[in-house]
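As provided, entry-v9.cif (mmCIF, C-alpha atoms) reads as follows.
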data_run
loop_
_atom_site.label_atom_id
_atom_site.label_comp_id
_atom_site.auth_asym_id
_atom_site.auth_seq_id
_atom_site.Cartn_x
_atom_site.Cartn_y
_atom_site.Cartn_z
CA MET A 1243 2.08 5.24 18.30
CA HIS A 1244 1.83 5.90 21.98
CA PRO A 1245 3.35 2.98 23.96
CA GLY A 1246 0.28 2.77 26.22
CA GLN A 1247 -1.91 2.37 23.16
CA SER A 1248 0.06 -0.58 21.77
CA LEU A 1249 0.05 -2.21 25.20
CA ALA A 1250 -3.71 -1.87 25.39
CA ARG A 1251 -4.06 -3.35 21.92
CA MET A 1252 -1.79 -6.24 22.85
CA ARG A 1253 -3.79 -6.83 26.00
CA SER A 1254 -7.07 -6.90 24.15
CA SER A 1255 -5.73 -9.26 21.50
CA LEU A 1256 -4.43 -11.55 24.26
CA CYS A 1257 -7.88 -11.43 25.80
CA ALA A 1258 -9.42 -12.41 22.50
CA LEU A 1259 -6.98 -15.30 22.19
CA TRP A 1260 -7.95 -16.48 25.67
CA LEU A 1261 -11.62 -16.31 24.81
CA LEU A 1262 -10.94 -18.43 21.75
CA LEU A 1263 -8.90 -20.98 23.70
CA LEU A 1264 -11.10 -21.18 26.75
CA PRO A 1265 -13.77 -23.52 25.35
CA LEU A 1266 -11.02 -25.82 24.08
CA LEU A 1267 -9.45 -26.00 27.53
CA VAL A 1268 -12.74 -26.79 29.17
CA VAL A 1269 -13.98 -29.33 26.64
CA ALA A 1270 -10.82 -31.29 25.90
CA GLN A 1271 -8.27 -30.88 28.61
CA GLN A 1272 -4.89 -31.59 27.07
CA ARG A 1273 -2.64 -34.33 28.34
CA VAL A 1274 -0.06 -33.18 30.88
CA LEU A 1275 2.38 -35.85 29.77
CA PRO A 1276 2.38 -37.17 26.19
CA LEU A 1277 1.62 -40.88 25.94
CA ASP A 1278 5.15 -41.79 24.83
CA GLN A 1279 6.66 -39.99 27.81
CA LEU A 1280 4.67 -41.82 30.48
CA ARG A 1281 6.93 -43.79 32.82
CA SER A 1282 5.75 -46.20 35.46
CA GLY A 1283 7.39 -45.93 38.89
CA LEU A 1284 9.24 -49.10 37.95
CA HIS A 1285 11.31 -47.06 35.49
CA PHE A 1286 12.76 -45.08 38.38
CA ALA A 1287 13.34 -48.11 40.62
CA GLY A 1288 16.69 -49.80 41.16
CA SER A 1289 17.68 -53.02 39.42
CA ASP A 1290 17.12 -55.12 42.57
CA VAL A 1291 13.55 -53.88 42.96
CA ARG A 1292 12.89 -54.52 39.28
CA ALA A 1293 14.33 -58.03 39.63
CA LEU A 1294 12.11 -58.74 42.64
CA GLN A 1295 9.00 -57.57 40.79
CA ALA A 1296 9.89 -59.71 37.78
CA ASP A 1297 10.52 -62.79 39.96
CA GLU A 1298 7.27 -64.73 39.60
CA PHE A 1299 7.94 -66.81 42.67
CA GLY A 1300 9.87 -64.50 44.97
CA ASN A 1301 7.74 -61.38 44.44
CA PRO A 1302 6.18 -60.94 47.89
CA GLY A 1303 2.98 -59.74 46.21
CA GLN A 1304 2.43 -63.39 45.26
CA LEU A 1305 1.56 -64.14 48.89
CA ALA A 1306 -1.11 -61.46 48.79
CA LEU A 1307 -2.43 -62.81 45.47
CA GLN A 1308 -2.74 -66.22 47.08
CA ARG A 1309 -4.64 -64.68 49.96
CA GLY A 1310 -6.85 -62.69 47.58
CA GLU A 1311 -7.71 -65.82 45.66
CA GLN A 1312 -8.81 -67.53 48.87
CA ARG A 1313 -10.93 -64.54 49.92
CA TRP A 1314 -12.54 -64.38 46.47
CA SER A 1315 -13.94 -67.88 46.72
CA GLU A 1316 -14.77 -67.79 50.43
CA ALA A 1317 -18.47 -67.65 51.36
CA VAL A 1318 -19.27 -64.95 53.94
CA GLY A 1319 -22.30 -63.28 55.52
CA PRO A 1320 -25.75 -64.59 56.41
CA ALA A 1321 -26.49 -65.55 52.81
CA SER A 1322 -23.15 -67.37 52.64
CA LYS A 1323 -22.20 -65.75 49.34
CA SER A 1324 -18.69 -65.55 47.91
CA CYS A 1325 -17.37 -63.07 45.35
CA PHE A 1326 -17.03 -66.01 42.98
CA GLN A 1327 -20.72 -66.96 43.18
CA CYS A 1328 -21.81 -63.66 41.62
CA HIS A 1329 -18.79 -62.70 39.53
CA GLY A 1330 -17.18 -66.00 38.55
CA GLY A 1331 -13.46 -66.09 37.88
CA VAL A 1332 -11.59 -62.78 37.96
CA ALA A 1333 -9.77 -63.44 34.68
CA GLN A 1334 -12.97 -62.78 32.70
CA SER A 1335 -15.28 -60.85 35.01
CA MET A 1336 -12.71 -58.39 36.38
CA ARG A 1337 -10.62 -57.90 33.25
CA GLY A 1338 -10.02 -54.16 32.78
CA VAL A 1339 -12.02 -53.18 35.87
CA ALA A 1340 -9.09 -51.95 37.97
CA ALA A 1341 -7.97 -49.71 35.09
CA ARG A 1342 -11.25 -47.76 35.37
CA TYR A 1343 -10.98 -46.81 39.05
CA PRO A 1344 -11.50 -44.43 40.84
CA ALA A 1345 -14.99 -44.08 39.38
CA VAL A 1346 -18.28 -42.51 40.35
CA ASP A 1347 -20.62 -45.15 41.73
CA ALA A 1348 -23.90 -44.93 39.79
CA ARG A 1349 -26.05 -45.84 42.77
CA SER A 1350 -24.64 -43.70 45.55
CA GLY A 1351 -23.12 -40.98 43.36
CA ARG A 1352 -19.91 -41.19 45.39
CA LEU A 1353 -16.42 -41.31 43.95
CA LEU A 1354 -15.02 -44.73 44.91
CA ASN A 1355 -11.63 -46.30 44.48
CA LEU A 1356 -11.33 -50.02 43.90
CA GLU A 1357 -10.93 -50.81 47.61
CA ASP A 1358 -14.05 -48.75 48.45
CA ARG A 1359 -15.96 -50.60 45.75
CA ILE A 1360 -14.95 -54.02 47.05
CA ALA A 1361 -15.76 -53.01 50.64
CA GLN A 1362 -19.15 -51.72 49.49
CA CYS A 1363 -19.89 -54.98 47.68
CA ARG A 1364 -19.02 -56.86 50.85
CA GLN A 1365 -21.37 -54.66 52.86
CA VAL A 1366 -24.34 -54.41 50.48
CA HIS A 1367 -24.38 -57.73 48.64
CA GLN A 1368 -22.63 -60.16 50.97
CA GLN A 1369 -23.61 -58.42 54.20
CA GLY A 1370 -20.49 -59.95 55.69
CA PRO A 1371 -18.04 -58.49 58.19
CA ALA A 1372 -16.82 -55.09 56.99
CA LEU A 1373 -13.55 -54.91 55.09
CA VAL A 1374 -11.59 -52.11 56.72
CA LEU A 1375 -9.49 -49.81 54.53
CA GLU A 1376 -5.85 -50.92 54.41
CA SER A 1377 -6.64 -54.29 56.00
CA GLU A 1378 -4.71 -57.21 54.56
CA ASP A 1379 -7.83 -58.94 53.26
CA LEU A 1380 -9.13 -55.87 51.43
CA LEU A 1381 -5.73 -55.14 49.86
CA ALA A 1382 -5.33 -58.79 48.90
CA LEU A 1383 -8.74 -58.80 47.17
CA SER A 1384 -7.95 -55.50 45.49
CA LEU A 1385 -4.63 -56.85 44.19
CA TYR A 1386 -6.31 -60.05 43.02
CA VAL A 1387 -8.87 -58.01 41.06
CA THR A 1388 -6.17 -55.65 39.75
CA ARG A 1389 -4.15 -58.63 38.54
CA ALA A 1390 -6.92 -59.35 36.02
CA SER A 1391 -6.12 -55.99 34.36
CA ALA A 1392 -2.34 -56.43 34.28
CA GLY A 1393 -0.97 -55.03 31.02
CA LEU A 1394 -4.16 -53.14 30.13
CA PRO A 1395 -3.97 -49.34 29.84
CA LEU A 1396 -5.34 -47.05 32.55
CA ARG A 1397 -8.56 -45.43 31.38
CA VAL A 1398 -10.54 -43.63 34.04
CA GLU A 1399 -13.85 -42.00 33.14
CA VAL A 1400 -13.60 -38.22 33.46
CA SER A 1401 -16.78 -37.01 31.80
CA GLY A 1402 -20.22 -36.59 33.33
CA PRO A 1403 -20.35 -36.66 37.12
CA ALA A 1404 -16.59 -37.42 37.32
CA ARG A 1405 -15.72 -34.11 35.67
CA ALA A 1406 -15.96 -32.00 38.82
CA HIS A 1407 -13.89 -34.55 40.75
CA LEU A 1408 -11.19 -34.45 38.08
CA LEU A 1409 -10.95 -30.67 38.22
CA GLU A 1410 -10.80 -30.75 42.00
CA GLY A 1411 -8.11 -33.43 41.79
CA GLU A 1412 -6.10 -31.24 39.46
CA ARG A 1413 -6.44 -28.33 41.85
CA LEU A 1414 -5.20 -30.52 44.71
CA PHE A 1415 -2.24 -31.66 42.60
CA MET A 1416 -1.24 -28.05 42.00
CA GLN A 1417 -1.89 -26.82 45.53
CA ARG A 1418 1.09 -26.07 47.78
CA ARG A 1419 0.84 -27.58 51.22
CA GLY A 1420 2.74 -28.51 54.35
CA GLN A 1421 5.68 -26.90 56.08
CA LEU A 1422 7.81 -27.49 52.99
CA ASN A 1423 5.13 -25.68 51.01
CA LEU A 1424 5.32 -27.99 48.02
CA ALA A 1425 2.65 -29.19 45.61
CA CYS A 1426 2.64 -32.61 43.91
CA THR A 1427 3.47 -30.85 40.65
CA HIS A 1428 6.77 -29.45 41.96
CA CYS A 1429 8.33 -32.89 42.36
CA HIS A 1430 6.39 -35.03 39.93
CA ASP A 1431 5.94 -32.65 36.97
CA GLN A 1432 8.80 -30.19 37.26
CA ASN A 1433 11.56 -32.36 38.72
CA GLN A 1434 10.74 -35.90 37.66
CA GLY A 1435 13.81 -38.06 37.12
CA ARG A 1436 15.99 -35.88 39.32
CA ARG A 1437 17.34 -37.02 42.66
CA PHE A 1438 15.68 -36.29 45.98
CA TYR A 1439 18.28 -37.46 48.50
CA THR A 1440 18.90 -41.04 47.33
CA ASP A 1441 15.60 -41.49 45.51
CA ALA A 1442 14.78 -40.67 41.94
CA LEU A 1443 11.63 -38.57 41.73
CA SER A 1444 9.04 -40.52 39.79
CA GLN A 1445 6.20 -39.18 37.69
CA GLY A 1446 3.80 -40.13 40.47
CA GLN A 1447 1.94 -42.67 38.36
CA PRO A 1448 -0.89 -44.70 39.92
CA ASN A 1449 -0.74 -47.71 37.58
CA ALA A 1450 0.66 -50.33 39.97
CA TYR A 1451 -1.43 -50.06 43.14
CA PRO A 1452 -2.02 -51.75 45.49
CA LEU A 1453 1.67 -52.68 45.60
CA TYR A 1454 4.26 -54.19 47.88
CA ARG A 1455 6.51 -51.51 49.23
CA LEU A 1456 9.75 -52.62 50.88
CA GLU A 1457 9.58 -49.68 53.28
CA TRP A 1458 6.20 -50.91 54.51
CA GLN A 1459 7.11 -54.60 54.38
CA LYS A 1460 3.60 -55.19 53.12
CA LEU A 1461 1.01 -54.34 50.53
CA GLY A 1462 -0.37 -50.81 50.57
CA SER A 1463 -2.91 -48.77 48.65
CA LEU A 1464 -2.42 -45.65 46.55
CA GLU A 1465 -4.08 -43.73 49.37
CA ARG A 1466 -1.38 -44.86 51.80
CA ARG A 1467 1.32 -43.87 49.30
CA LEU A 1468 -0.23 -40.42 48.87
CA ARG A 1469 -0.30 -40.05 52.65
CA SER A 1470 3.42 -40.87 52.70
CA CYS A 1471 4.01 -38.01 50.29
CA LEU A 1472 1.95 -35.68 52.50
CA VAL A 1473 4.04 -36.69 55.52
CA GLY A 1474 7.11 -36.00 53.40
CA VAL A 1475 6.15 -32.38 52.83
CA ARG A 1476 4.91 -32.19 56.43
CA ALA A 1477 1.32 -31.47 55.51
CA GLU A 1478 -1.79 -32.20 57.49
CA LEU A 1479 -3.21 -35.63 56.78
CA PRO A 1480 -6.86 -35.99 55.77
CA ASP A 1481 -8.87 -38.78 57.38
CA TRP A 1482 -8.66 -42.24 55.88
CA GLY A 1483 -11.21 -42.56 53.08
CA ALA A 1484 -11.26 -38.79 52.44
CA LEU A 1485 -12.84 -37.70 49.17
CA GLU A 1486 -9.86 -35.49 48.31
CA MET A 1487 -7.57 -38.53 48.11
CA ARG A 1488 -9.94 -40.16 45.62
CA GLN A 1489 -10.13 -36.96 43.59
CA LEU A 1490 -6.36 -36.78 43.51
CA ALA A 1491 -6.23 -40.45 42.49
CA LEU A 1492 -8.72 -39.75 39.69
CA TYR A 1493 -6.54 -36.91 38.42
CA LEU A 1494 -3.50 -39.19 38.56
CA GLY A 1495 -5.42 -41.85 36.65
CA TRP A 1496 -6.34 -39.35 33.96
CA ARG A 1497 -2.80 -37.95 33.86
CA GLY A 1498 -1.37 -41.47 33.46
CA ALA A 1499 -4.08 -42.72 31.07
CA GLY A 1500 -2.62 -45.28 28.68
CA LEU A 1501 0.01 -46.58 31.08
CA PRO A 1502 -0.30 -50.36 31.49
CA VAL A 1503 -1.49 -51.72 34.83
CA GLU A 1504 1.20 -53.57 36.81
CA ALA A 1505 0.29 -56.28 39.31
CA PRO A 1506 1.79 -57.51 41.53
CA ALA A 1507 4.23 -54.62 41.70
CA VAL A 1508 7.12 -53.94 44.07
CA ARG A 1509 8.62 -50.58 45.01
CA ARG A 1510 11.20 -49.40 47.46
CA MET B 735 -3.42 -67.61 59.25
CA THR B 736 -0.06 -68.94 58.16
CA GLN B 737 0.92 -68.93 54.57
CA ALA B 738 3.95 -69.92 52.56
CA ARG B 739 5.02 -70.93 49.08
CA LEU B 740 7.64 -73.53 48.23
CA LEU B 741 9.12 -73.91 44.77
CA LEU B 742 10.83 -77.15 43.78
CA PRO B 743 12.06 -78.20 40.34
CA GLN B 744 9.58 -80.19 38.26
CA ARG B 745 11.96 -82.86 37.00
CA VAL B 746 14.60 -84.17 39.37
CA ALA B 747 17.06 -86.99 38.68
CA PRO B 748 18.11 -89.26 41.58
CA GLY B 749 21.12 -87.86 43.43
CA GLU B 750 20.68 -84.42 41.88
CA VAL B 751 21.32 -81.35 44.04
CA VAL B 752 18.11 -79.32 43.86
CA LYS B 753 17.42 -75.75 44.87
CA ALA B 754 14.34 -75.03 46.95
CA ARG B 755 12.87 -71.53 47.18
CA LEU B 756 10.67 -70.76 50.14
CA LEU B 757 8.60 -67.61 50.62
CA VAL B 758 6.95 -67.23 54.02
CA ALA B 759 4.23 -64.70 54.83
CA HIS B 760 5.35 -63.14 58.09
CA PRO B 761 5.50 -59.49 59.23
CA MET B 762 8.93 -59.94 60.93
CA GLU B 763 8.18 -57.08 63.29
CA THR B 764 11.40 -55.75 64.79
CA GLY B 765 9.77 -54.22 67.84
CA TYR B 766 11.13 -50.80 66.93
CA LEU B 767 8.36 -49.69 64.58
CA GLN B 768 4.99 -48.07 65.12
CA ASP B 769 1.66 -48.81 63.51
CA LEU B 770 -0.37 -46.31 61.49
CA ALA B 771 -1.82 -44.92 64.74
CA GLY B 772 1.62 -44.36 66.26
CA LYS B 773 1.55 -47.28 68.70
CA THR B 774 4.70 -49.40 69.09
CA ILE B 775 4.27 -52.84 67.55
CA PRO B 776 5.74 -55.59 69.75
CA ARG B 777 8.59 -57.63 68.35
CA ASN B 778 7.44 -60.68 66.44
CA ILE B 779 9.90 -62.50 64.23
CA ILE B 780 10.29 -66.09 63.13
CA ARG B 781 12.40 -67.74 65.85
CA GLU B 782 13.22 -70.87 64.01
CA LEU B 783 12.37 -72.37 60.67
CA SER B 784 13.33 -75.83 59.54
CA CYS B 785 12.74 -78.13 56.61
CA GLU B 786 12.70 -81.91 56.75
CA TYR B 787 13.00 -84.11 53.69
CA GLY B 788 11.87 -87.66 54.21
CA GLY B 789 12.22 -87.24 57.99
CA ARG B 790 15.75 -85.78 57.86
CA GLN B 791 16.49 -82.15 58.48
CA VAL B 792 18.01 -80.51 55.42
CA PHE B 793 17.68 -76.83 56.37
CA ARG B 794 17.37 -74.87 59.58
CA VAL B 795 17.56 -71.15 60.20
CA GLU B 796 17.13 -68.85 63.18
CA PRO B 797 16.39 -65.50 61.56
CA SER B 798 17.19 -62.28 63.40
CA SER B 799 15.19 -59.08 63.41
CA GLY B 800 17.43 -57.91 60.56
CA ILE B 801 15.60 -60.19 58.12
CA ALA B 802 12.91 -58.45 56.05
CA GLY B 803 9.19 -59.13 56.27
CA ASN B 804 7.87 -61.97 54.11
CA PRO B 805 11.34 -63.53 53.92
CA LEU B 806 12.53 -65.53 50.94
CA PHE B 807 14.85 -68.45 51.74
CA GLU B 808 16.82 -70.49 49.23
CA PHE B 809 18.60 -73.70 50.08
CA CYS B 810 19.97 -76.75 48.30
CA PHE B 811 19.85 -80.42 49.16
CA ARG B 812 20.55 -83.73 47.45
CA ALA B 813 17.37 -85.43 46.21
CA GLN B 814 17.85 -89.21 46.52
CA PHE B 815 14.22 -90.35 46.55
CA SER B 816 10.64 -89.18 46.09
CA GLY B 817 9.37 -87.89 49.40
CA GLU B 818 7.71 -85.14 51.32
CA LEU B 819 9.23 -81.85 52.38
CA LEU B 820 7.91 -80.53 55.63
CA VAL B 821 8.59 -76.90 56.50
CA ARG B 822 7.82 -75.74 60.02
CA TRP B 823 8.36 -72.44 61.73
CA VAL B 824 7.53 -70.77 65.03
CA ASP B 825 7.51 -67.05 65.87
CA ASP B 826 7.79 -64.93 69.01
CA GLU B 827 4.03 -65.12 69.57
CA GLY B 828 4.32 -68.88 69.60
CA ARG B 829 2.36 -69.27 66.38
CA VAL B 830 3.37 -72.32 64.42
CA GLY B 831 3.28 -72.48 60.66
CA GLN B 832 3.64 -75.51 58.48
CA LEU B 833 3.81 -76.42 54.83
CA ARG B 834 4.00 -79.83 53.20
CA GLN B 835 4.95 -80.45 49.62
CA SER B 836 6.04 -83.60 47.86
CA LEU B 837 9.12 -83.93 45.69
CA ARG B 838 9.05 -86.40 42.81
CA VAL B 839 12.32 -87.90 41.71
CA GLN B 840 12.40 -89.51 38.26
CA PRO B 841 13.17 -93.21 38.31
CA ALA B 842 16.74 -93.96 37.21
CA ALA B 843 16.82 -94.73 33.50
#
Could you spell out this file's structure in structure tokens?
Amino acid sequence: MHPGQSLARMRSSLCALWLLLLPLLVVAQQRVLPLDQLRSGLHFAGSDVRALQADEFGNPGQLALQRGEQRWSEAVGPASKSCFQCHGGVAQSMRGVAARYPAVDARSGRLLNLEDRIAQCRQVHQQGPALVLESEDLLALSLYVTRASAGLPLRVEVSGPARAHLLEGERLFMQRRGQLNLACTHCHDQNQGRRFYTDALSQGQPNAYPLYRLEWQKLGSLERRLRSCLVGVRAELPDWGALEMRQLALYLGWRGAGLPVEAPAVRR
Amino acid sequence: MTQARLLLPQRVAPGEVVKARLLVAHPMETGYLQDLAGKTIPRNIIRELSCEYGGRQVFRVEPSSGIAGNPLFEFCFRAQFSGELLVRWVDDEGRVGQLRQSLRVQPAA
């Protein structure tokens, strides 16, 4: 047989294989990481950081939890409504909620992370003073709500209106950027567990946010952590609250689905 | 707003040496760092922190800017009687924080 002929046949059979696989890829996107290989960032942390997170008194996140608890029951706005008056205690009403975010808000159709959702509730239902992204009060409330999901597996919704956001998030994860020209996937898929200077490269899992980072000396959101990574590869930073950060967070949530929520968590 | 947590043992015998753990919410700004907008944050650390037990000082510290934010202090003292612990601290901005907590000592058997 002529070599060109066999090549053409091979090419057409490959094409046929693709056509067969394509609907599968679109309908049920396969896991990137198998469930039993998921590792929280805690796995890559040093023993002192792990000890601090496990210390129920000394964990600095406890201070934020205390603050969050106060904010939860505090009446604000003209109607003098507190979170507690509508929702009751977090242990029941907020159980599992943090594990579902980011999620598409049914009313506005926007993709919101947990902090956005809390800030929106403050604005729409309490009509109180706005909770600014990354403010201590908003992070404290977010941690307090997340605490009610501690130990429950991440399970973000990726069908329906969230589908397009997930795909965009995946694209962002794979996209090279910055002066170092690296994508998230280069460190966190291809080189996870290896050393980057003195740090072990984690899987980039979102299961413990908002968390206390020793570098920050305070609580910070997943968005702030992602911005740190962008600074690390010397990429342009999107504005605070940018949709692309939520899409990336949604992809991370899907990629880490099944990993138990940690709160309050500590990282270096 | 000032905030702190103090952990004391639940059951204390008279004369026992007890360990107190104290976690204080404070940014401990060194004066060398910038905020998210790139503006230098002025130095603000706890100048002095002390703890009185029944009116007597049992612990005093003057932290430097080398101490981390939200510092955790541990100290020991001899618990002779049931009484109140009063923790007070003041920072570079002149803000005063305070925490009171009572210690119960079991009556001698």
Can you list, as a compact mmCIF listing (two decimals) with C-alpha atoms, keeping the file's coordinate frame, every protein, DNA or RNA residue that comes within 12 Å of B:Arg790 when you count only C-alpha atoms, leaving out same-chain residues fewer than 4 positions away?
# COMPACT_ATOMS: atom_id res chain seq x y z
CA SER B 784 13.33 -75.83 59.54
CA CYS B 785 12.74 -78.13 56.61
CA GLU B 786 12.70 -81.91 56.75
CA ARG B 794 17.37 -74.87 59.58
CA PHE B 811 19.85 -80.42 49.16
CA ARG B 812 20.55 -83.73 47.45
CA ALA B 813 17.37 -85.43 46.21
CA GLY B 817 9.37 -87.89 49.40
CA GLU B 818 7.71 -85.14 51.32
CA LEU B 819 9.23 -81.85 52.38
CA LEU B 820 7.91 -80.53 55.63
CA VAL B 821 8.59 -76.90 56.50
Listing only residues of stretch 736-843 of chain B within 10 Å of stretch 1308-1324 of chain A, what is the closest atom pair and its distance in Å (to one decimal) for each, using all atoms listed in the file, sorted by chain and residue number ascending, as a Markdown table?
| residue | atom | partner | partner_atom | distance |
| --- | --- | --- | --- | --- |
| B:Gln737 | CA | A:Arg1309 | CA | 8.4 |
| B:Ala738 | CA | A:Gln1308 | CA | 9.4 |
| B:Arg739 | CA | A:Gln1308 | CA | 9.3 |
Leaving out A:Ala1296 and any residue of its chain fewer than 5 positions from it, which residues lie within 9 Å of it when counting only C-alpha atoms, given as a PyMOL selection string? chain A and resi 1291+1301+1507-1508
Next, write the just-selected residues to a file, as a PDB file, keeping the file's coordinate frame, keeping C-alpha atoms as the atom set.
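Final file, selection.pdb:
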ATOM      1  CA  VAL A1291      13.550 -53.880  42.960  1.00  0.00           C
ATOM      2  CA  ASN A1301       7.740 -61.380  44.440  1.00  0.00           C
ATOM      3  CA  ALA A1507       4.230 -54.620  41.700  1.00  0.00           C
ATOM      4  CA  VAL A1508       7.120 -53.940  44.070  1.00  0.00           C
TER       5      VAL A1508
END
Which residue, B:Lys753, B:Arg745, B:Arg838, B:His760, has the smallest gap to chain A when you use all atoms listed in the file? B:His760
7 Å contacts from chain B to chain A using all atoms listed in the file, as a PyMOL selection string: chain B and resi 757+759+803-804+806
So how far away is atom CA of A:Arg1497 from atom CA of A:Ser1470, in Å?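 About the pair atom CA of A:Ser1470 and atom CA of A:Arg1497: they are 20.1 Å apart.
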Go ahead and compute the interatomic distance for atom CA of B:Phe807 and atom CA of B:Leu740, in Å to one decimal. 9.5 Å
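The space between atom CA of B:Val830 and atom CA of B:Val751 spans 28.6 Å.
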Test item: residues at most 7 Å from B:Pro748, all atoms listed in the file, excluding those fewer than 2 positions along its chain, as a PyMOL selection string: chain B and resi 746+750+813-815+839-840+842
Once the PyMOL selection byres ((chain A and resi 1434-1439) around 12) is applied to the coordinates I shared, what remains selected? I want it as a list in words.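 With the PyMOL selection byres ((chain A and resi 1434-1439) around 12) on this model, the match is Leu1275, Gln1279, Leu1280, Arg1281, Ser1282, Gly1283, Leu1284, His1285, Phe1286, Ala1287, Cys1426, Thr1427, His1428, Cys1429, His1430, Asp1431, Gln1432, Asn1433, Thr1440, Asp1441, Ala1442, Leu1443, Ser1444, Gln1445, Gly1446, Gln1447 and Gly1474 of chain A.
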Check the smallest atom-to-atom distance from each of A:Ala1341, A:Ala1477, A:Met1416, A:Leu1383 to A:Leu1396 using all atoms listed in the file, then report the winner.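 Closest to A:Leu1396, using all atoms listed in the file: A:Ala1341.
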Rank A:Trp1482, A:Leu1461, A:Asn1355, A:Leu1307 by their smallest atom-to-atom distance to B:Pro761, using all atoms listed in the file, and report the top residue only.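 Using all atoms listed in the file, the shortest distance to B:Pro761 belongs to A:Leu1461.
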Going by the chain IDs and residue numbers used in this file, which residues fall under the PyMOL selection byres ((chain B and resi 796) around 8)? Write them as a PyMOL selection string. chain B and resi 780-783+794-795+797-798
